[in-house]
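Participant: Below: one structure in structure tokens.
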Amino acid sequence: MPVADGIANGETVEIRLEIRPEGNFAGTVYTLRYFQPDGKGSLKMEDGTVLKPNDRYLLNERRFRLYYTSQSADDSQTIDLYFEDNLGEYAAADLRFQCE
């Protein structure tokens, strides 16, 4: 899903994600980790869980939403998302926001 590319200090953007595996293996478990190399903000899951950078979080669904709230007026903010399954496969998504 498209994600807003601009954000103001204190603003929250919704990030809709879906994991689409190449195969369907019974018992596959997915986790999420994130890092924020640029800017400052908070990331939380749709159930309200506030994520901490580099901690691993279990994803109970393949379709889910995250909410990023800017806590910075820096020129740009970046969050890097890492998805991993229990078979050792992973994928990454880098999201960049320009401050408005």
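We label chains A, B, ... in the order they appear in the structure tokens, count residues from 1 in each chain, and number ligands from 1 in the order shown.
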Give me every strand (DSSP E) residue in chain A, going by DSSP on the backbone, as a PyMOL selection string.
Facilitator: chain A and resi 6-7+12-18+30-38+41-45+50-51+57-59+63-70+76-85+90-99
Participant: Mind checking which residues fall within 12 Å of Thr49 of chain A, counting only C-alpha atoms, ignoring those fewer than 5 positions away in the same chain, and posting them as a VMD selection string?
Facilitator: chain A and resid 42 to 44 57 to 59 65 to 68
Participant: I'd like the contact shell of Phe35 of chain A - 7 Å cut-off, only C-alpha atoms, skipping same-chain residues fewer than 3 positions apart - returned as an NGL selection string.
Facilitator: :A and (53-54 or 79-81)
Participant: Emit the selected residues as a compact mmCIF listing (two decimals), in the first residue's frame, including all heavy atoms.
Facilitator:
```
# COMPACT_ATOMS: atom_id res chain seq x y z
N PRO A 53 13.38 -0.21 18.99
CA PRO A 53 14.31 -0.56 17.92
C PRO A 53 15.11 -1.83 18.25
O PRO A 53 15.53 -2.03 19.38
CB PRO A 53 15.25 0.65 17.83
CG PRO A 53 14.45 1.77 18.41
CD PRO A 53 13.57 1.15 19.47
N ASN A 54 15.26 -2.67 17.25
CA ASN A 54 16.03 -3.91 17.27
C ASN A 54 15.42 -5.02 18.11
O ASN A 54 15.97 -6.10 18.18
CB ASN A 54 17.48 -3.66 17.69
CG ASN A 54 18.39 -4.78 17.22
OD1 ASN A 54 18.12 -5.43 16.22
ND2 ASN A 54 19.44 -5.03 17.95
N ILE A 79 12.82 4.86 8.53
CA ILE A 79 12.69 3.66 9.36
C ILE A 79 12.91 2.45 8.45
O ILE A 79 12.42 2.41 7.32
CB ILE A 79 11.35 3.57 10.11
CG1 ILE A 79 10.15 3.68 9.18
CG2 ILE A 79 11.25 4.60 11.20
CD1 ILE A 79 8.83 3.43 9.88
N ASP A 80 13.69 1.53 8.93
CA ASP A 80 13.99 0.30 8.22
C ASP A 80 13.27 -0.85 8.91
O ASP A 80 13.48 -1.08 10.11
CB ASP A 80 15.50 0.03 8.20
CG ASP A 80 16.29 1.14 7.54
OD1 ASP A 80 15.73 1.83 6.66
OD2 ASP A 80 17.47 1.31 7.89
N LEU A 81 12.42 -1.56 8.17
CA LEU A 81 11.66 -2.68 8.70
C LEU A 81 12.27 -3.98 8.19
O LEU A 81 12.61 -4.09 7.01
CB LEU A 81 10.20 -2.61 8.23
CG LEU A 81 9.44 -1.32 8.54
CD1 LEU A 81 8.08 -1.35 7.87
CD2 LEU A 81 9.30 -1.14 10.03
```
Participant: Determine the nearest neighbour of Gly27 of chain A from the options A:Asn86, A:Thr12, A:Asn60, A:Thr78, counting only C-alpha atoms.
Facilitator: A:Asn86
Participant: Which is closer to Asp75 of chain A than all the others in A:Ala8, A:Leu32, A:Gly48, A:Glu61, using only C-alpha atoms?
Facilitator: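 Of the candidates, the smallest distance to Asp75 of chain A is held by A:Ala8.
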Participant: Can you tell me which residues surround Ala73 of chain A at a distance of at most 12 Å, considering only C-alpha atoms, apart from same-chain residues fewer than 5 positions away, and format the answer as a list in words?
Facilitator: Gly6, Ile7, Ala8, Asn9, Gly10, Glu11, Asp38, Gly39, Lys40, Gly41, Phe97, Gln98, Cys99 and Glu100 of chain A
Participant: Return the single residue from A:Val3, A:Tyr90, A:Ser70, A:Leu95 that is closest to Arg16 of chain A, with distances computed using only C-alpha atoms.
Facilitator: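 Of A:Val3, A:Tyr90, A:Ser70, A:Leu95, the one nearest Arg16 of chain A, counting only C-alpha atoms, is A:Val3.
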Participant: Calculate how many Å separate atom CA of Thr31 of chain A from atom CA of Glu84 of chain A, rounding to one decimal.
Facilitator: 5.3 Å
Participant: What separation in Å, quoted to one decimal, exists between atom CA of Phe64 of chain A and atom CA of Lys52 of chain A?
Facilitator: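 Going from atom CA of Phe64 of chain A over to atom CA of Lys52 of chain A covers 17.6 Å.
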Participant: What does the distance between atom CA of Gly88 of chain A and atom CA of Ile15 of chain A come to in Å, to one decimal place?
Facilitator: 24.4 Å
